[in-house]
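entry_3.cif follows (mmCIF, N, CA and C atoms):
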data_upload
#
loop_
_atom_site.group_PDB
_atom_site.id
_atom_site.type_symbol
_atom_site.label_atom_id
_atom_site.label_comp_id
_atom_site.auth_asym_id
_atom_site.auth_seq_id
_atom_site.Cartn_x
_atom_site.Cartn_y
_atom_site.Cartn_z
ATOM 1 N N MET V 1 -24.395 1.029 -8.782
ATOM 2 C CA MET V 1 -23.926 2.394 -8.648
ATOM 3 C C MET V 1 -24.974 3.240 -7.928
ATOM 4 N N ARG V 2 -26.220 3.027 -8.258
ATOM 5 C CA ARG V 2 -27.268 3.827 -7.599
ATOM 6 C C ARG V 2 -27.373 3.511 -6.118
ATOM 7 N N GLU V 3 -27.122 2.256 -5.769
ATOM 8 C CA GLU V 3 -27.187 1.878 -4.359
ATOM 9 C C GLU V 3 -26.066 2.529 -3.559
ATOM 10 N N ASP V 4 -24.936 2.796 -4.197
ATOM 11 C CA ASP V 4 -23.780 3.382 -3.527
ATOM 12 C C ASP V 4 -23.647 4.878 -3.793
ATOM 13 N N ARG V 5 -24.718 5.512 -4.188
ATOM 14 C CA ARG V 5 -24.661 6.940 -4.528
ATOM 15 C C ARG V 5 -24.134 7.773 -3.363
ATOM 16 N N HIS V 6 -24.606 7.484 -2.148
ATOM 17 C CA HIS V 6 -24.156 8.242 -0.975
ATOM 18 C C HIS V 6 -22.648 8.047 -0.748
ATOM 19 N N ALA V 7 -22.175 6.805 -0.862
ATOM 20 C CA ALA V 7 -20.743 6.531 -0.656
ATOM 21 C C ALA V 7 -19.899 7.207 -1.733
ATOM 22 N N VAL V 8 -20.371 7.201 -2.966
ATOM 23 C CA VAL V 8 -19.634 7.847 -4.050
ATOM 24 C C VAL V 8 -19.564 9.348 -3.818
ATOM 25 N N ALA V 9 -20.675 9.944 -3.409
ATOM 26 C CA ALA V 9 -20.696 11.387 -3.136
ATOM 27 C C ALA V 9 -19.732 11.730 -1.998
ATOM 28 N N GLN V 10 -19.723 10.924 -0.960
ATOM 29 C CA GLN V 10 -18.807 11.168 0.154
ATOM 30 C C GLN V 10 -17.352 11.025 -0.295
ATOM 31 N N GLY V 11 -17.081 10.042 -1.148
ATOM 32 C CA GLY V 11 -15.721 9.834 -1.630
ATOM 33 C C GLY V 11 -15.221 10.984 -2.478
ATOM 34 N N ILE V 12 -16.116 11.625 -3.195
ATOM 35 C CA ILE V 12 -15.724 12.732 -4.061
ATOM 36 C C ILE V 12 -15.589 14.033 -3.280
ATOM 37 N N THR V 13 -16.453 14.249 -2.314
ATOM 38 C CA THR V 13 -16.503 15.551 -1.635
ATOM 39 C C THR V 13 -15.622 15.659 -0.404
ATOM 40 N N THR V 14 -15.186 14.549 0.188
ATOM 41 C CA THR V 14 -14.363 14.642 1.397
ATOM 42 C C THR V 14 -12.885 14.560 1.040
ATOM 43 N N PRO V 15 -12.039 15.205 1.839
ATOM 44 C CA PRO V 15 -10.603 15.185 1.551
ATOM 45 C C PRO V 15 -9.910 13.905 2.024
ATOM 46 N N TYR V 16 -10.650 12.991 2.646
ATOM 47 C CA TYR V 16 -10.057 11.778 3.198
ATOM 48 C C TYR V 16 -10.159 10.642 2.195
ATOM 49 N N ASN V 17 -9.167 9.733 2.243
ATOM 50 C CA ASN V 17 -9.250 8.526 1.438
ATOM 51 C C ASN V 17 -8.552 7.394 2.167
ATOM 52 N N SER V 18 -8.703 6.202 1.663
ATOM 53 C CA SER V 18 -8.117 5.030 2.315
ATOM 54 C C SER V 18 -6.975 4.451 1.480
ATOM 55 N N GLY V 19 -6.297 5.282 0.726
ATOM 56 C CA GLY V 19 -5.232 4.824 -0.155
ATOM 57 C C GLY V 19 -4.092 4.141 0.581
ATOM 58 N N VAL V 20 -3.682 4.692 1.709
ATOM 59 C CA VAL V 20 -2.572 4.097 2.463
ATOM 60 C C VAL V 20 -2.968 2.719 2.977
ATOM 61 N N ASN V 21 -4.161 2.608 3.525
ATOM 62 C CA ASN V 21 -4.619 1.311 4.030
ATOM 63 C C ASN V 21 -4.743 0.296 2.917
ATOM 64 N N GLU V 22 -5.269 0.705 1.790
ATOM 65 C CA GLU V 22 -5.416 -0.212 0.665
ATOM 66 C C GLU V 22 -4.053 -0.714 0.196
ATOM 67 N N GLY V 23 -3.058 0.151 0.185
ATOM 68 C CA GLY V 23 -1.721 -0.272 -0.207
ATOM 69 C C GLY V 23 -1.136 -1.289 0.745
ATOM 70 N N ARG V 24 -1.347 -1.097 2.020
ATOM 71 C CA ARG V 24 -0.823 -2.049 3.001
ATOM 72 C C ARG V 24 -1.561 -3.374 2.942
ATOM 73 N N ILE V 25 -2.867 -3.323 2.717
ATOM 74 C CA ILE V 25 -3.636 -4.561 2.578
ATOM 75 C C ILE V 25 -3.149 -5.333 1.357
ATOM 76 N N THR V 26 -2.861 -4.614 0.277
ATOM 77 C CA THR V 26 -2.329 -5.256 -0.933
ATOM 78 C C THR V 26 -0.995 -5.920 -0.639
ATOM 79 N N ASP V 27 -0.133 -5.260 0.135
ATOM 80 C CA ASP V 27 1.163 -5.846 0.499
ATOM 81 C C ASP V 27 0.983 -7.135 1.301
ATOM 82 N N VAL V 28 0.063 -7.115 2.258
ATOM 83 C CA VAL V 28 -0.170 -8.302 3.082
ATOM 84 C C VAL V 28 -0.682 -9.451 2.215
ATOM 85 N N LYS V 29 -1.618 -9.157 1.328
ATOM 86 C CA LYS V 29 -2.158 -10.202 0.455
ATOM 87 C C LYS V 29 -1.074 -10.767 -0.462
ATOM 88 N N LEU V 30 -0.215 -9.907 -0.969
ATOM 89 C CA LEU V 30 0.874 -10.364 -1.830
ATOM 90 C C LEU V 30 1.808 -11.294 -1.063
ATOM 91 N N GLN V 31 2.178 -10.915 0.149
ATOM 92 C CA GLN V 31 3.076 -11.747 0.947
ATOM 93 C C GLN V 31 2.432 -13.086 1.271
ATOM 94 N N LYS V 32 1.146 -13.084 1.578
ATOM 95 C CA LYS V 32 0.457 -14.345 1.880
ATOM 96 C C LYS V 32 0.454 -15.252 0.660
ATOM 97 N N ARG V 33 0.246 -14.669 -0.526
ATOM 98 C CA ARG V 33 0.262 -15.476 -1.744
ATOM 99 C C ARG V 33 1.659 -16.036 -2.020
ATOM 100 N N LEU V 34 2.675 -15.198 -1.827
ATOM 101 C CA LEU V 34 4.039 -15.646 -2.085
ATOM 102 C C LEU V 34 4.470 -16.756 -1.129
ATOM 103 N N MET V 35 4.059 -16.642 0.115
ATOM 104 C CA MET V 35 4.470 -17.615 1.111
ATOM 105 C C MET V 35 3.657 -18.903 0.998
ATOM 106 N N GLY V 36 2.463 -18.814 0.492
ATOM 107 C CA GLY V 36 1.652 -20.002 0.248
ATOM 108 C C GLY V 36 1.362 -20.840 1.469
ATOM 109 N N GLY V 37 1.264 -20.241 2.644
ATOM 110 C CA GLY V 37 0.955 -20.991 3.848
ATOM 111 C C GLY V 37 2.122 -21.802 4.382
ATOM 112 N N ARG V 38 3.328 -21.552 3.886
ATOM 113 C CA ARG V 38 4.485 -22.347 4.299
ATOM 114 C C ARG V 38 5.156 -21.810 5.549
ATOM 115 N N ALA V 39 4.830 -20.606 5.968
ATOM 116 C CA ALA V 39 5.535 -20.003 7.097
ATOM 117 C C ALA V 39 4.536 -19.603 8.182
ATOM 118 N N SER V 40 5.085 -19.195 9.303
ATOM 119 C CA SER V 40 4.248 -18.851 10.449
ATOM 120 C C SER V 40 3.891 -17.371 10.440
ATOM 121 N N VAL V 41 3.035 -17.002 11.350
ATOM 122 C CA VAL V 41 2.588 -15.616 11.465
ATOM 123 C C VAL V 41 3.741 -14.667 11.791
ATOM 124 N N PRO V 42 4.679 -15.016 12.682
ATOM 125 C CA PRO V 42 5.795 -14.095 12.949
ATOM 126 C C PRO V 42 6.615 -13.761 11.698
ATOM 127 N N LEU V 43 6.832 -14.743 10.825
ATOM 128 C CA LEU V 43 7.578 -14.466 9.597
ATOM 129 C C LEU V 43 6.770 -13.561 8.677
ATOM 130 N N LEU V 44 5.472 -13.804 8.565
ATOM 131 C CA LEU V 44 4.618 -12.928 7.767
ATOM 132 C C LEU V 44 4.673 -11.508 8.304
ATOM 133 N N ARG V 45 4.596 -11.343 9.627
ATOM 134 C CA ARG V 45 4.661 -10.019 10.240
ATOM 135 C C ARG V 45 5.988 -9.345 9.915
ATOM 136 N N GLN V 46 7.086 -10.086 10.015
ATOM 137 C CA GLN V 46 8.408 -9.521 9.733
ATOM 138 C C GLN V 46 8.507 -9.061 8.280
ATOM 139 N N ARG V 47 7.984 -9.850 7.364
ATOM 140 C CA ARG V 47 8.053 -9.478 5.947
ATOM 141 C C ARG V 47 7.178 -8.274 5.642
ATOM 142 N N VAL V 48 6.002 -8.196 6.261
ATOM 143 C CA VAL V 48 5.113 -7.056 6.025
ATOM 144 C C VAL V 48 5.743 -5.774 6.563
ATOM 145 N N VAL V 49 6.383 -5.850 7.728
ATOM 146 C CA VAL V 49 7.060 -4.677 8.287
ATOM 147 C C VAL V 49 8.207 -4.252 7.379
ATOM 148 N N LEU V 50 8.961 -5.211 6.858
ATOM 149 C CA LEU V 50 10.057 -4.891 5.950
ATOM 150 C C LEU V 50 9.534 -4.204 4.688
ATOM 151 N N ILE V 51 8.463 -4.719 4.112
ATOM 152 C CA ILE V 51 7.875 -4.104 2.916
ATOM 153 C C ILE V 51 7.411 -2.684 3.224
ATOM 154 N N ALA V 52 6.815 -2.470 4.402
ATOM 155 C CA ALA V 52 6.357 -1.126 4.779
ATOM 156 C C ALA V 52 7.537 -0.167 4.889
ATOM 157 N N HIS V 53 8.641 -0.618 5.483
ATOM 158 C CA HIS V 53 9.821 0.239 5.592
ATOM 159 C C HIS V 53 10.390 0.567 4.215
ATOM 160 N N LEU V 54 10.465 -0.429 3.348
ATOM 161 C CA LEU V 54 10.977 -0.191 2.003
ATOM 162 C C LEU V 54 10.077 0.760 1.230
ATOM 163 N N ARG V 55 8.762 0.579 1.356
ATOM 164 C CA ARG V 55 7.834 1.466 0.657
ATOM 165 C C ARG V 55 8.002 2.903 1.153
ATOM 166 N N ARG V 56 8.138 3.075 2.473
ATOM 167 C CA ARG V 56 8.314 4.410 3.037
ATOM 168 C C ARG V 56 9.632 5.012 2.565
ATOM 169 N N TYR V 57 10.693 4.203 2.523
ATOM 170 C CA TYR V 57 12.009 4.697 2.101
ATOM 171 C C TYR V 57 11.960 5.183 0.660
ATOM 172 N N TYR V 58 11.363 4.413 -0.218
ATOM 173 C CA TYR V 58 11.361 4.777 -1.630
ATOM 174 C C TYR V 58 10.352 5.862 -1.969
ATOM 175 N N THR V 59 9.291 6.027 -1.183
ATOM 176 C CA THR V 59 8.333 7.095 -1.477
ATOM 177 C C THR V 59 8.751 8.420 -0.853
ATOM 178 N N ASP V 60 9.568 8.392 0.196
ATOM 179 C CA ASP V 60 10.003 9.635 0.839
ATOM 180 C C ASP V 60 11.239 10.237 0.179
ATOM 181 N N ARG V 61 11.923 9.477 -0.662
ATOM 182 C CA ARG V 61 13.125 9.986 -1.318
ATOM 183 C C ARG V 61 12.742 11.012 -2.383
ATOM 184 N N PRO V 62 13.484 12.109 -2.472
ATOM 185 C CA PRO V 62 13.197 13.065 -3.554
ATOM 186 C C PRO V 62 13.613 12.485 -4.894
ATOM 187 N N LEU V 63 12.855 12.821 -5.896
ATOM 188 C CA LEU V 63 13.196 12.361 -7.231
ATOM 189 C C LEU V 63 14.426 13.108 -7.715
ATOM 190 N N ARG V 64 15.334 12.412 -8.361
ATOM 191 C CA ARG V 64 16.525 13.076 -8.826
ATOM 192 C C ARG V 64 16.230 13.812 -10.130
ATOM 193 N N GLU V 65 16.980 14.867 -10.332
ATOM 194 C CA GLU V 65 16.817 15.654 -11.538
ATOM 195 C C GLU V 65 17.355 14.864 -12.732
ATOM 196 N N VAL V 66 16.626 14.898 -13.800
ATOM 197 C CA VAL V 66 17.053 14.211 -15.008
ATOM 198 C C VAL V 66 17.539 15.286 -15.981
ATOM 199 N N GLY V 67 18.816 15.227 -16.289
ATOM 200 C CA GLY V 67 19.421 16.221 -17.175
ATOM 201 C C GLY V 67 19.339 15.801 -18.634
ATOM 202 N N PRO V 68 19.806 16.647 -19.495
ATOM 203 C CA PRO V 68 19.799 16.291 -20.925
ATOM 204 C C PRO V 68 20.796 15.158 -21.188
ATOM 205 N N PHE V 69 20.446 14.305 -22.087
ATOM 206 C CA PHE V 69 21.295 13.149 -22.385
ATOM 207 C C PHE V 69 22.182 13.425 -23.563
#
Take the structure in this file and express it as structure tokens.
Amino acid sequence: MREDRHAVAQGITTPYNSGVNEGRITDVKLQKRLMGGRASVPLLRQRVVLIAHLRRYYTDRPLREVGPF
């Protein structure tokens, strides 16, 4: 922690973060694990693009109002 003091301070004080990139990297790693080396790079690319579109679709949708039950 002491060695990364400068990086931690920058992470706390700046308005920028790498959350979007980390999410996409996680998606790519998940797809690679699921495919287990059985498919080619074009198929991996197609699946990663599909996951990105689905993630964008579900995060951009407004949450529906939940009424009394």
TODO: Identify, on the basis of all atoms listed in the file, every residue whose closest approach to segment 21-30 of chain V does not exceed 8 Å; exclude the query and any residue fewer than 5 positions from it along the same chain; express the result as a PyMOL selection string.
DONE: chain V and resi 35-36+44+47-48+51-52
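In this structure, atom CA of Gln46 of chain V sits 10.5 Å away from atom CA of Gln31 of chain V.
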Open item on the list: So that I can check the secondary structure, give me every residue of chain V assigned alpha helix (DSSP H) by backbone DSSP, as a ChimeraX atom specification.
Closed with: /V:5-13,19-35,41-60
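Atom C of Val20 of chain V sits 25.1 Å away from atom C of Gly37 of chain V.
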